[in-house]
Each structure stands twice: as structure tokens, then as C-alpha cells.
>>> print(open('start.txt').read())   # compact mmCIF, N, CA and C atoms and all ligand atoms
# COMPACT_ATOMS: atom_id res chain seq x y z
N MET A 990 90.29 61.15 58.99
CA MET A 990 89.73 61.20 60.34
C MET A 990 90.56 62.15 61.19
N ASN A 991 89.91 63.10 61.86
CA ASN A 991 90.69 64.11 62.58
C ASN A 991 90.69 63.91 64.10
N ILE A 992 90.28 62.73 64.54
CA ILE A 992 90.31 62.41 65.97
C ILE A 992 91.35 61.33 66.19
N ARG A 993 92.13 61.48 67.26
CA ARG A 993 93.15 60.48 67.56
C ARG A 993 93.06 60.03 69.02
N LYS A 994 93.80 59.00 69.30
CA LYS A 994 93.88 58.48 70.65
C LYS A 994 94.34 59.59 71.60
N ASN A 995 93.75 59.61 72.79
CA ASN A 995 94.06 60.57 73.86
C ASN A 995 93.51 61.98 73.62
N ASP A 996 92.77 62.20 72.54
CA ASP A 996 92.08 63.48 72.37
C ASP A 996 90.94 63.58 73.37
N MET A 997 90.60 64.81 73.77
CA MET A 997 89.37 65.04 74.52
C MET A 997 88.28 65.39 73.52
N VAL A 998 87.16 64.70 73.63
CA VAL A 998 86.10 64.95 72.67
C VAL A 998 84.77 65.21 73.38
N LEU A 999 83.88 65.88 72.67
CA LEU A 999 82.52 66.12 73.12
C LEU A 999 81.59 65.30 72.24
N VAL A 1000 80.69 64.56 72.88
CA VAL A 1000 79.74 63.75 72.11
C VAL A 1000 78.60 64.66 71.67
N ILE A 1001 78.31 64.67 70.37
CA ILE A 1001 77.29 65.58 69.85
C ILE A 1001 76.06 64.85 69.33
N ALA A 1002 76.09 63.52 69.35
CA ALA A 1002 74.93 62.77 68.87
C ALA A 1002 74.85 61.45 69.62
N GLY A 1003 73.65 60.90 69.68
CA GLY A 1003 73.48 59.63 70.35
C GLY A 1003 73.07 59.80 71.80
N LYS A 1004 72.99 58.70 72.53
CA LYS A 1004 72.43 58.78 73.88
C LYS A 1004 73.34 59.48 74.88
N ASP A 1005 74.62 59.61 74.57
CA ASP A 1005 75.55 60.29 75.47
C ASP A 1005 75.85 61.72 75.03
N ARG A 1006 74.94 62.27 74.24
CA ARG A 1006 75.13 63.63 73.75
C ARG A 1006 75.42 64.60 74.89
N GLY A 1007 76.40 65.47 74.72
CA GLY A 1007 76.73 66.46 75.74
C GLY A 1007 77.82 66.03 76.70
N LYS A 1008 78.18 64.75 76.68
CA LYS A 1008 79.23 64.27 77.59
C LYS A 1008 80.60 64.44 76.95
N LYS A 1009 81.59 64.54 77.83
CA LYS A 1009 82.97 64.66 77.36
C LYS A 1009 83.77 63.46 77.81
N GLY A 1010 84.77 63.13 77.04
CA GLY A 1010 85.61 62.02 77.44
C GLY A 1010 86.89 61.99 76.63
N LYS A 1011 87.78 61.10 77.08
CA LYS A 1011 89.06 60.97 76.42
C LYS A 1011 89.02 59.76 75.50
N VAL A 1012 89.58 59.91 74.32
CA VAL A 1012 89.56 58.82 73.35
C VAL A 1012 90.53 57.72 73.79
N ARG A 1013 90.00 56.54 73.93
CA ARG A 1013 90.80 55.41 74.37
C ARG A 1013 91.44 54.68 73.19
N PHE A 1014 90.64 54.49 72.15
CA PHE A 1014 91.13 53.86 70.93
C PHE A 1014 90.52 54.58 69.74
N ALA A 1015 91.26 54.63 68.66
CA ALA A 1015 90.73 55.18 67.41
C ALA A 1015 91.01 54.19 66.29
N TYR A 1016 89.99 53.97 65.50
CA TYR A 1016 90.11 53.04 64.37
C TYR A 1016 89.81 53.79 63.08
N PRO A 1017 90.85 54.38 62.48
CA PRO A 1017 90.61 55.21 61.29
C PRO A 1017 89.98 54.45 60.13
N LYS A 1018 90.27 53.18 60.00
CA LYS A 1018 89.74 52.42 58.87
C LYS A 1018 88.22 52.34 58.89
N THR A 1019 87.67 52.14 60.09
CA THR A 1019 86.22 52.03 60.19
C THR A 1019 85.60 53.33 60.69
N GLU A 1020 86.46 54.35 60.95
CA GLU A 1020 86.00 55.64 61.46
C GLU A 1020 85.20 55.50 62.74
N ARG A 1021 85.68 54.65 63.61
CA ARG A 1021 85.05 54.47 64.90
C ARG A 1021 86.05 54.68 66.02
N ILE A 1022 85.54 55.13 67.17
CA ILE A 1022 86.41 55.36 68.31
C ILE A 1022 85.76 54.81 69.57
N MET A 1023 86.60 54.61 70.60
CA MET A 1023 86.08 54.25 71.91
C MET A 1023 86.48 55.38 72.86
N VAL A 1024 85.48 55.88 73.59
CA VAL A 1024 85.71 57.02 74.47
C VAL A 1024 85.44 56.61 75.91
N GLU A 1025 86.32 57.03 76.81
CA GLU A 1025 86.16 56.70 78.23
C GLU A 1025 84.81 57.15 78.76
N GLY A 1026 84.05 56.24 79.31
CA GLY A 1026 82.79 56.59 79.95
C GLY A 1026 81.63 56.84 79.02
N ILE A 1027 81.85 56.65 77.72
CA ILE A 1027 80.79 56.94 76.74
C ILE A 1027 80.31 55.65 76.10
N ASN A 1028 79.00 55.58 75.89
CA ASN A 1028 78.37 54.45 75.22
C ASN A 1028 78.61 53.11 75.93
N PHE A 1029 78.29 53.12 77.22
CA PHE A 1029 78.36 51.86 77.96
C PHE A 1029 77.30 50.90 77.45
N ILE A 1030 77.69 49.67 77.24
CA ILE A 1030 76.71 48.64 76.92
C ILE A 1030 76.79 47.57 78.00
N LYS A 1031 75.69 46.90 78.19
CA LYS A 1031 75.67 45.83 79.19
C LYS A 1031 75.84 44.50 78.48
N LYS A 1032 76.78 43.75 78.98
CA LYS A 1032 76.99 42.42 78.42
C LYS A 1032 76.61 41.39 79.47
N HIS A 1033 75.82 40.45 79.06
CA HIS A 1033 75.45 39.38 79.98
C HIS A 1033 76.39 38.22 79.75
N SER A 1034 77.04 37.79 80.81
CA SER A 1034 77.99 36.71 80.60
C SER A 1034 77.78 35.59 81.61
N LYS A 1035 78.05 34.41 81.15
CA LYS A 1035 77.97 33.25 82.03
C LYS A 1035 79.34 32.97 82.62
N ALA A 1036 79.36 32.36 83.75
CA ALA A 1036 80.63 32.03 84.38
C ALA A 1036 81.38 30.99 83.55
N ARG A 1037 82.66 31.21 83.39
CA ARG A 1037 83.50 30.21 82.72
C ARG A 1037 84.59 29.82 83.70
N GLY A 1038 84.36 28.77 84.42
CA GLY A 1038 85.34 28.33 85.40
C GLY A 1038 85.54 29.40 86.46
N ALA A 1039 86.77 29.55 86.91
CA ALA A 1039 87.04 30.51 87.96
C ALA A 1039 87.40 31.86 87.39
N VAL A 1040 87.60 31.92 86.07
CA VAL A 1040 88.13 33.14 85.46
C VAL A 1040 87.07 34.22 85.35
N ARG A 1041 85.88 33.83 84.88
CA ARG A 1041 84.87 34.83 84.63
C ARG A 1041 83.68 34.68 85.56
N GLN A 1042 83.27 35.79 86.12
CA GLN A 1042 82.10 35.80 86.96
C GLN A 1042 80.85 35.87 86.09
N ALA A 1043 79.82 35.22 86.55
CA ALA A 1043 78.54 35.36 85.86
C ALA A 1043 77.95 36.72 86.22
N GLY A 1044 77.18 37.28 85.30
CA GLY A 1044 76.52 38.52 85.63
C GLY A 1044 76.56 39.50 84.49
N ILE A 1045 76.30 40.75 84.81
CA ILE A 1045 76.24 41.77 83.78
C ILE A 1045 77.48 42.65 83.88
N ILE A 1046 78.17 42.76 82.79
CA ILE A 1046 79.37 43.59 82.75
C ILE A 1046 79.05 44.84 81.92
N GLU A 1047 79.45 45.99 82.41
CA GLU A 1047 79.29 47.19 81.60
C GLU A 1047 80.60 47.52 80.93
N GLN A 1048 80.51 47.85 79.68
CA GLN A 1048 81.72 48.03 78.89
C GLN A 1048 81.46 49.10 77.83
N GLU A 1049 82.49 49.87 77.54
CA GLU A 1049 82.33 50.86 76.48
C GLU A 1049 82.28 50.18 75.12
N ALA A 1050 81.46 50.74 74.24
CA ALA A 1050 81.39 50.23 72.87
C ALA A 1050 81.82 51.34 71.91
N LEU A 1051 82.17 50.93 70.72
CA LEU A 1051 82.64 51.89 69.72
C LEU A 1051 81.51 52.81 69.27
N ILE A 1052 81.86 54.05 68.98
CA ILE A 1052 80.90 54.98 68.40
C ILE A 1052 81.50 55.57 67.12
N PRO A 1053 80.63 55.99 66.20
CA PRO A 1053 81.16 56.59 64.97
C PRO A 1053 81.84 57.92 65.28
N VAL A 1054 82.92 58.17 64.61
CA VAL A 1054 83.68 59.40 64.88
C VAL A 1054 82.86 60.64 64.54
N SER A 1055 81.85 60.47 63.69
CA SER A 1055 81.01 61.61 63.33
C SER A 1055 80.09 62.03 64.48
N ASN A 1056 80.03 61.23 65.53
CA ASN A 1056 79.21 61.58 66.69
C ASN A 1056 79.94 62.46 67.70
N VAL A 1057 81.20 62.76 67.45
CA VAL A 1057 81.95 63.57 68.40
C VAL A 1057 82.62 64.75 67.71
N MET A 1058 82.96 65.75 68.55
CA MET A 1058 83.81 66.84 68.07
C MET A 1058 85.01 66.94 68.99
N LEU A 1059 86.12 67.29 68.41
CA LEU A 1059 87.34 67.47 69.19
C LEU A 1059 87.20 68.71 70.07
N LEU A 1060 87.60 68.59 71.34
CA LEU A 1060 87.59 69.74 72.23
C LEU A 1060 88.96 70.40 72.18
N CYS A 1061 88.96 71.69 71.95
CA CYS A 1061 90.22 72.43 71.89
C CYS A 1061 90.70 72.68 73.31
N SER A 1062 91.97 72.37 73.59
CA SER A 1062 92.49 72.52 74.95
C SER A 1062 92.70 73.99 75.31
N LYS A 1063 92.78 74.85 74.32
CA LYS A 1063 93.01 76.26 74.62
C LYS A 1063 91.72 77.03 74.84
N CYS A 1064 90.81 76.98 73.87
CA CYS A 1064 89.57 77.74 74.02
C CYS A 1064 88.47 76.90 74.66
N ASN A 1065 88.76 75.60 74.87
CA ASN A 1065 87.85 74.72 75.59
C ASN A 1065 86.49 74.60 74.92
N LYS A 1066 86.45 74.78 73.62
CA LYS A 1066 85.21 74.65 72.87
C LYS A 1066 85.34 73.49 71.89
N PRO A 1067 84.20 72.95 71.47
CA PRO A 1067 84.28 71.96 70.40
C PRO A 1067 84.87 72.64 69.18
N ALA A 1068 85.93 72.08 68.67
CA ALA A 1068 86.69 72.77 67.63
C ALA A 1068 86.36 72.23 66.25
N ARG A 1069 86.20 73.16 65.32
CA ARG A 1069 86.27 72.73 63.94
C ARG A 1069 87.75 72.65 63.62
N VAL A 1070 88.16 71.54 63.06
CA VAL A 1070 89.58 71.27 62.93
C VAL A 1070 90.04 71.52 61.50
N GLY A 1071 91.15 72.23 61.40
CA GLY A 1071 91.78 72.42 60.10
C GLY A 1071 93.15 71.76 60.10
N PHE A 1072 93.71 71.62 58.92
CA PHE A 1072 95.06 71.07 58.83
C PHE A 1072 95.98 72.12 58.22
N ARG A 1073 97.21 72.13 58.68
CA ARG A 1073 98.22 72.98 58.04
C ARG A 1073 99.58 72.31 58.14
N PHE A 1074 100.49 72.79 57.35
CA PHE A 1074 101.84 72.24 57.36
C PHE A 1074 102.78 73.20 58.06
N LEU A 1075 103.60 72.66 58.96
CA LEU A 1075 104.62 73.47 59.62
C LEU A 1075 105.82 73.64 58.69
N SER A 1076 106.73 74.53 59.08
CA SER A 1076 107.89 74.80 58.22
C SER A 1076 108.77 73.56 58.04
N ASP A 1077 108.70 72.62 59.02
CA ASP A 1077 109.49 71.39 58.86
C ASP A 1077 108.72 70.32 58.07
N GLY A 1078 107.58 70.68 57.52
CA GLY A 1078 106.85 69.75 56.68
C GLY A 1078 105.82 68.90 57.41
N ARG A 1079 105.80 69.01 58.75
CA ARG A 1079 104.83 68.22 59.50
C ARG A 1079 103.42 68.74 59.28
N LYS A 1080 102.48 67.80 59.15
CA LYS A 1080 101.08 68.18 59.02
C LYS A 1080 100.47 68.18 60.41
N VAL A 1081 99.88 69.27 60.80
CA VAL A 1081 99.28 69.35 62.14
C VAL A 1081 97.83 69.81 62.04
N ARG A 1082 97.12 69.54 63.12
CA ARG A 1082 95.73 70.00 63.20
C ARG A 1082 95.70 71.32 63.94
N PHE A 1083 94.77 72.17 63.62
CA PHE A 1083 94.60 73.39 64.41
C PHE A 1083 93.13 73.70 64.58
N CYS A 1084 92.86 74.48 65.64
CA CYS A 1084 91.49 74.88 65.97
C CYS A 1084 91.14 76.10 65.15
N ARG A 1085 90.04 76.02 64.40
CA ARG A 1085 89.66 77.14 63.55
C ARG A 1085 89.15 78.32 64.35
N ALA A 1086 88.75 78.07 65.60
CA ALA A 1086 88.21 79.17 66.41
C ALA A 1086 89.33 80.04 66.98
N CYS A 1087 90.35 79.43 67.58
CA CYS A 1087 91.38 80.23 68.26
C CYS A 1087 92.74 80.08 67.59
N ASP A 1088 92.83 79.32 66.54
CA ASP A 1088 94.06 79.17 65.77
C ASP A 1088 95.16 78.39 66.48
N GLU A 1089 94.82 77.74 67.58
CA GLU A 1089 95.82 76.97 68.33
C GLU A 1089 96.13 75.67 67.59
N VAL A 1090 97.43 75.36 67.47
CA VAL A 1090 97.83 74.08 66.89
C VAL A 1090 97.57 72.99 67.91
N ILE A 1091 96.90 71.93 67.52
CA ILE A 1091 96.44 70.93 68.48
C ILE A 1091 97.48 69.83 68.70
N ASP A 1092 98.24 69.46 67.70
CA ASP A 1092 99.20 68.36 67.89
C ASP A 1092 100.39 68.78 68.73
ZN ZN B 1101 90.50 76.60 70.17
>>> encode(input="start.txt", output="C-alpha cells")
Amino acid sequence: MNIRKNDMVLVIAGKDRGKKGKVRFAYPKTERIMVEGINFIKKHSKARGAVRQAGIIEQEALIPVSNVMLLCSKCNKPARVGFRFLSDGRKVRFCRACDEVID
């Protein structure tokens, strides 16, 4: 999975197609992510004592990582991501369009 927490991504599929947001959580095992402001769902909840208000809560839901592309901070385009190794052995991501290292 080439998307991580705090990445800026562009949604390319689904009802929020075309929107941008910051990755709040990434779950590599299930290949799902939560993005700020993307894929709001409405939850209907009943009041539970004084803690929870009754009503409709809007909340972000997970989306498949295949529905987004990483936005390159340098060329500001949805980036096709490649991997390379630095001289110190670290594996980093880079933008195939402008060659900028993303990590
Ligand atoms: Zn780039």
C-alpha cells in the first residue's frame, strides 16, 4: 500500500470523486483509509443518558485505498508512485512525474 497517514490524496472513484483530503488513518491490512471530509455517512443514534445526544451524526467512513491517488506536493498532481532505495538503505516513495521523493 503506497498511501500513509497524513498524505494528501485525490479521490478518483466513488461519490466523492474529484475531492481532495488528508489521510486521517491508514489500515494497510485491509487496504482501507479514512480521509478528512471524504465519504461522510449519516449515523442515526438514540440518546444514551446524558452522554450521547439523539439525532443524526455525520462521520467519515473508510474507503478502499484504490479509490484515491496520492497528490504530489511538488507538482501538485495525482502521482503515480514509485519506490527507490536511498544510499542509507531507506526505502522511499517518489513521484514518477517530477521525480520528487515524497517521504
Ligand atoms: Zn510530482
>>> residues_near_point(input="start.txt", point="(93.8, 73.7, 71.8)", cutoff="6 Å", atoms="only C-alpha atoms", output="PyMOL selection string")
chain A and resi 1061-1063+1089+1091
>>> residues_around(input="start.txt", residues="A:Ile1027", least_positions_apart="4", cutoff="8 Å", atoms="all atoms listed in the file", output="VMD selection string")
chain A and resid 1005 1008 to 1011 1023 1048 to 1052
>>> write_last_selection(input="start.txt", atoms="N, CA and C atoms", output="compact mmCIF listing (two decimals), keeping the file's coordinate frame")
# COMPACT_ATOMS: atom_id res chain seq x y z
N ASP A 1005 74.62 59.61 74.57
CA ASP A 1005 75.55 60.29 75.47
C ASP A 1005 75.85 61.72 75.03
N LYS A 1008 78.18 64.75 76.68
CA LYS A 1008 79.23 64.27 77.59
C LYS A 1008 80.60 64.44 76.95
N LYS A 1009 81.59 64.54 77.83
CA LYS A 1009 82.97 64.66 77.36
C LYS A 1009 83.77 63.46 77.81
N GLY A 1010 84.77 63.13 77.04
CA GLY A 1010 85.61 62.02 77.44
C GLY A 1010 86.89 61.99 76.63
N LYS A 1011 87.78 61.10 77.08
CA LYS A 1011 89.06 60.97 76.42
C LYS A 1011 89.02 59.76 75.50
N MET A 1023 86.60 54.61 70.60
CA MET A 1023 86.08 54.25 71.91
C MET A 1023 86.48 55.38 72.86
N GLN A 1048 80.51 47.85 79.68
CA GLN A 1048 81.72 48.03 78.89
C GLN A 1048 81.46 49.10 77.83
N GLU A 1049 82.49 49.87 77.54
CA GLU A 1049 82.33 50.86 76.48
C GLU A 1049 82.28 50.18 75.12
N ALA A 1050 81.46 50.74 74.24
CA ALA A 1050 81.39 50.23 72.87
C ALA A 1050 81.82 51.34 71.91
N LEU A 1051 82.17 50.93 70.72
CA LEU A 1051 82.64 51.89 69.72
C LEU A 1051 81.51 52.81 69.27
N ILE A 1052 81.86 54.05 68.98
CA ILE A 1052 80.90 54.98 68.40
C ILE A 1052 81.50 55.57 67.12
>>> select_by_dssp(input="start.txt", residues="chain A", states="strand (DSSP E)", output="PDB file with N, CA and C atoms, in the frame of the given file")
ATOM      1  N   MET A 997      90.600  64.810  73.770  1.00  0.00           N
ATOM      2  CA  MET A 997      89.370  65.040  74.520  1.00  0.00           C
ATOM      3  C   MET A 997      88.280  65.390  73.520  1.00  0.00           C
ATOM      4  N   VAL A 998      87.160  64.700  73.630  1.00  0.00           N
ATOM      5  CA  VAL A 998      86.100  64.950  72.670  1.00  0.00           C
ATOM      6  C   VAL A 998      84.770  65.210  73.380  1.00  0.00           C
ATOM      7  N   LEU A 999      83.880  65.880  72.670  1.00  0.00           N
ATOM      8  CA  LEU A 999      82.520  66.120  73.120  1.00  0.00           C
ATOM      9  C   LEU A 999      81.590  65.300  72.240  1.00  0.00           C
ATOM     10  N   VAL A1000      80.690  64.560  72.880  1.00  0.00           N
ATOM     11  CA  VAL A1000      79.740  63.750  72.110  1.00  0.00           C
ATOM     12  C   VAL A1000      78.600  64.660  71.670  1.00  0.00           C
ATOM     13  N   LYS A1009      81.590  64.540  77.830  1.00  0.00           N
ATOM     14  CA  LYS A1009      82.970  64.660  77.360  1.00  0.00           C
ATOM     15  C   LYS A1009      83.770  63.460  77.810  1.00  0.00           C
ATOM     16  N   GLY A1010      84.770  63.130  77.040  1.00  0.00           N
ATOM     17  CA  GLY A1010      85.610  62.020  77.440  1.00  0.00           C
ATOM     18  C   GLY A1010      86.890  61.990  76.630  1.00  0.00           C
ATOM     19  N   LYS A1011      87.780  61.100  77.080  1.00  0.00           N
ATOM     20  CA  LYS A1011      89.060  60.970  76.420  1.00  0.00           C
ATOM     21  C   LYS A1011      89.020  59.760  75.500  1.00  0.00           C
ATOM     22  N   VAL A1012      89.580  59.910  74.320  1.00  0.00           N
ATOM     23  CA  VAL A1012      89.560  58.820  73.350  1.00  0.00           C
ATOM     24  C   VAL A1012      90.530  57.720  73.790  1.00  0.00           C
ATOM     25  N   ARG A1013      90.000  56.540  73.930  1.00  0.00           N
ATOM     26  CA  ARG A1013      90.800  55.410  74.370  1.00  0.00           C
ATOM     27  C   ARG A1013      91.440  54.680  73.190  1.00  0.00           C
ATOM     28  N   PHE A1014      90.640  54.490  72.150  1.00  0.00           N
ATOM     29  CA  PHE A1014      91.130  53.860  70.930  1.00  0.00           C
ATOM     30  C   PHE A1014      90.520  54.580  69.740  1.00  0.00           C
ATOM     31  N   ALA A1015      91.260  54.630  68.660  1.00  0.00           N
ATOM     32  CA  ALA A1015      90.730  55.180  67.410  1.00  0.00           C
ATOM     33  C   ALA A1015      91.010  54.190  66.290  1.00  0.00           C
ATOM     34  N   TYR A1016      89.990  53.970  65.500  1.00  0.00           N
ATOM     35  CA  TYR A1016      90.110  53.040  64.370  1.00  0.00           C
ATOM     36  C   TYR A1016      89.810  53.790  63.080  1.00  0.00           C
ATOM     37  N   ARG A1021      85.680  54.650  63.610  1.00  0.00           N
ATOM     38  CA  ARG A1021      85.050  54.470  64.900  1.00  0.00           C
ATOM     39  C   ARG A1021      86.050  54.680  66.020  1.00  0.00           C
ATOM     40  N   ILE A1022      85.540  55.130  67.170  1.00  0.00           N
ATOM     41  CA  ILE A1022      86.410  55.360  68.310  1.00  0.00           C
ATOM     42  C   ILE A1022      85.760  54.810  69.570  1.00  0.00           C
ATOM     43  N   MET A1023      86.600  54.610  70.600  1.00  0.00           N
ATOM     44  CA  MET A1023      86.080  54.250  71.910  1.00  0.00           C
ATOM     45  C   MET A1023      86.480  55.380  72.860  1.00  0.00           C
ATOM     46  N   VAL A1024      85.480  55.880  73.590  1.00  0.00           N
ATOM     47  CA  VAL A1024      85.710  57.020  74.470  1.00  0.00           C
ATOM     48  C   VAL A1024      85.440  56.610  75.910  1.00  0.00           C
ATOM     49  N   PHE A1029      78.290  53.120  77.220  1.00  0.00           N
ATOM     50  CA  PHE A1029      78.360  51.860  77.960  1.00  0.00           C
ATOM     51  C   PHE A1029      77.300  50.900  77.450  1.00  0.00           C
ATOM     52  N   ILE A1030      77.690  49.670  77.240  1.00  0.00           N
ATOM     53  CA  ILE A1030      76.710  48.640  76.920  1.00  0.00           C
ATOM     54  C   ILE A1030      76.790  47.570  78.000  1.00  0.00           C
ATOM     55  N   LYS A1031      75.690  46.900  78.190  1.00  0.00           N
ATOM     56  CA  LYS A1031      75.670  45.830  79.190  1.00  0.00           C
ATOM     57  C   LYS A1031      75.840  44.500  78.480  1.00  0.00           C
ATOM     58  N   LYS A1032      76.780  43.750  78.980  1.00  0.00           N
ATOM     59  CA  LYS A1032      76.990  42.420  78.420  1.00  0.00           C
ATOM     60  C   LYS A1032      76.610  41.390  79.470  1.00  0.00           C
ATOM     61  N   HIS A1033      75.820  40.450  79.060  1.00  0.00           N
ATOM     62  CA  HIS A1033      75.450  39.380  79.980  1.00  0.00           C
ATOM     63  C   HIS A1033      76.390  38.220  79.750  1.00  0.00           C
ATOM     64  N   SER A1034      77.040  37.790  80.810  1.00  0.00           N
ATOM     65  CA  SER A1034      77.990  36.710  80.600  1.00  0.00           C
ATOM     66  C   SER A1034      77.780  35.590  81.610  1.00  0.00           C
ATOM     67  N   GLY A1044      77.180  37.280  85.300  1.00  0.00           N
ATOM     68  CA  GLY A1044      76.520  38.520  85.630  1.00  0.00           C
ATOM     69  C   GLY A1044      76.560  39.500  84.490  1.00  0.00           C
ATOM     70  N   ILE A1045      76.300  40.750  84.810  1.00  0.00           N
ATOM     71  CA  ILE A1045      76.240  41.770  83.780  1.00  0.00           C
ATOM     72  C   ILE A1045      77.480  42.650  83.880  1.00  0.00           C
ATOM     73  N   ILE A1046      78.170  42.760  82.790  1.00  0.00           N
ATOM     74  CA  ILE A1046      79.370  43.590  82.750  1.00  0.00           C
ATOM     75  C   ILE A1046      79.050  44.840  81.920  1.00  0.00           C
ATOM     76  N   GLU A1047      79.450  45.990  82.410  1.00  0.00           N
ATOM     77  CA  GLU A1047      79.290  47.190  81.600  1.00  0.00           C
ATOM     78  C   GLU A1047      80.600  47.520  80.930  1.00  0.00           C
ATOM     79  N   GLN A1048      80.510  47.850  79.680  1.00  0.00           N
ATOM     80  CA  GLN A1048      81.720  48.030  78.890  1.00  0.00           C
ATOM     81  C   GLN A1048      81.460  49.100  77.830  1.00  0.00           C
ATOM     82  N   GLU A1049      82.490  49.870  77.540  1.00  0.00           N
ATOM     83  CA  GLU A1049      82.330  50.860  76.480  1.00  0.00           C
ATOM     84  C   GLU A1049      82.280  50.180  75.120  1.00  0.00           C
ATOM     85  N   ILE A1052      81.860  54.050  68.980  1.00  0.00           N
ATOM     86  CA  ILE A1052      80.900  54.980  68.400  1.00  0.00           C
ATOM     87  C   ILE A1052      81.500  55.570  67.120  1.00  0.00           C
ATOM     88  N   PRO A1053      80.630  55.990  66.200  1.00  0.00           N
ATOM     89  CA  PRO A1053      81.160  56.590  64.970  1.00  0.00           C
ATOM     90  C   PRO A1053      81.840  57.920  65.280  1.00  0.00           C
ATOM     91  N   VAL A1057      81.200  62.760  67.450  1.00  0.00           N
ATOM     92  CA  VAL A1057      81.950  63.570  68.400  1.00  0.00           C
ATOM     93  C   VAL A1057      82.620  64.750  67.710  1.00  0.00           C
ATOM     94  N   MET A1058      82.960  65.750  68.550  1.00  0.00           N
ATOM     95  CA  MET A1058      83.810  66.840  68.070  1.00  0.00           C
ATOM     96  C   MET A1058      85.010  66.940  68.990  1.00  0.00           C
ATOM     97  N   LEU A1059      86.120  67.290  68.410  1.00  0.00           N
ATOM     98  CA  LEU A1059      87.340  67.470  69.190  1.00  0.00           C
ATOM     99  C   LEU A1059      87.200  68.710  70.070  1.00  0.00           C
ATOM    100  N   VAL A1070      88.160  71.540  63.060  1.00  0.00           N
ATOM    101  CA  VAL A1070      89.580  71.270  62.930  1.00  0.00           C
ATOM    102  C   VAL A1070      90.040  71.520  61.500  1.00  0.00           C
ATOM    103  N   GLY A1071      91.150  72.230  61.400  1.00  0.00           N
ATOM    104  CA  GLY A1071      91.780  72.420  60.100  1.00  0.00           C
ATOM    105  C   GLY A1071      93.150  71.760  60.100  1.00  0.00           C
ATOM    106  N   PHE A1072      93.710  71.620  58.920  1.00  0.00           N
ATOM    107  CA  PHE A1072      95.060  71.070  58.830  1.00  0.00           C
ATOM    108  C   PHE A1072      95.980  72.120  58.220  1.00  0.00           C
ATOM    109  N   ARG A1073      97.210  72.130  58.680  1.00  0.00           N
ATOM    110  CA  ARG A1073      98.220  72.980  58.040  1.00  0.00           C
ATOM    111  C   ARG A1073      99.580  72.310  58.140  1.00  0.00           C
ATOM    112  N   PHE A1074     100.490  72.790  57.350  1.00  0.00           N
ATOM    113  CA  PHE A1074     101.840  72.240  57.360  1.00  0.00           C
ATOM    114  C   PHE A1074     102.780  73.200  58.060  1.00  0.00           C
ATOM    115  N   LYS A1080     102.480  67.800  59.150  1.00  0.00           N
ATOM    116  CA  LYS A1080     101.080  68.180  59.020  1.00  0.00           C
ATOM    117  C   LYS A1080     100.470  68.180  60.410  1.00  0.00           C
ATOM    118  N   VAL A1081      99.880  69.270  60.800  1.00  0.00           N
ATOM    119  CA  VAL A1081      99.280  69.350  62.140  1.00  0.00           C
ATOM    120  C   VAL A1081      97.830  69.810  62.040  1.00  0.00           C
ATOM    121  N   ARG A1082      97.120  69.540  63.120  1.00  0.00           N
ATOM    122  CA  ARG A1082      95.730  70.000  63.200  1.00  0.00           C
ATOM    123  C   ARG A1082      95.700  71.320  63.940  1.00  0.00           C
ATOM    124  N   PHE A1083      94.770  72.170  63.620  1.00  0.00           N
ATOM    125  CA  PHE A1083      94.600  73.390  64.410  1.00  0.00           C
ATOM    126  C   PHE A1083      93.130  73.700  64.580  1.00  0.00           C
ATOM    127  N   CYS A1084      92.860  74.480  65.640  1.00  0.00           N
ATOM    128  CA  CYS A1084      91.490  74.880  65.970  1.00  0.00           C
ATOM    129  C   CYS A1084      91.140  76.100  65.150  1.00  0.00           C
TER     130      CYS A1084
END
>>> residues_around(input="start.txt", residues="A:Arg1073", least_positions_apart="2", cutoff="8 Å", atoms="only C-alpha atoms", output="CSV table (one decimal) with N, CA and C atoms, keeping the file's coordinate frame")
chain,number,residue,atom,x,y,z
A,1071,GLY,N,91.2,72.2,61.4
A,1071,GLY,CA,91.8,72.4,60.1
A,1071,GLY,C,93.2,71.8,60.1
A,1075,LEU,N,103.6,72.7,59.0
A,1075,LEU,CA,104.6,73.5,59.6
A,1075,LEU,C,105.8,73.6,58.7
A,1080,LYS,N,102.5,67.8,59.2
A,1080,LYS,CA,101.1,68.2,59.0
A,1080,LYS,C,100.5,68.2,60.4
A,1081,VAL,N,99.9,69.3,60.8
A,1081,VAL,CA,99.3,69.4,62.1
A,1081,VAL,C,97.8,69.8,62.0
A,1082,ARG,N,97.1,69.5,63.1
A,1082,ARG,CA,95.7,70.0,63.2
A,1082,ARG,C,95.7,71.3,63.9
A,1083,PHE,N,94.8,72.2,63.6
A,1083,PHE,CA,94.6,73.4,64.4
A,1083,PHE,C,93.1,73.7,64.6
>>> residues_near_ligand(input="start.txt", ligand="ligand ZN 1101 (chain B)", cutoff="10 Å", atoms="only C-alpha atoms and all ligand atoms", output="PyMOL selection string")
chain A and resi 1059-1070+1083-1091
>>> atom_distance(input="start.txt", atom1="atom CA of A:Ile1046", atom2="atom C of A:Lys994")
24.6 Å
>>> atom_distance(input="start.txt", atom1="atom CA of A:Val998", atom2="atom CA of A:Val1057")
6.1 Å
>>> atom_distance(input="start.txt", atom1="atom CA of A:Pro1017", atom2="atom N of A:Asp1077")
25.2 Å
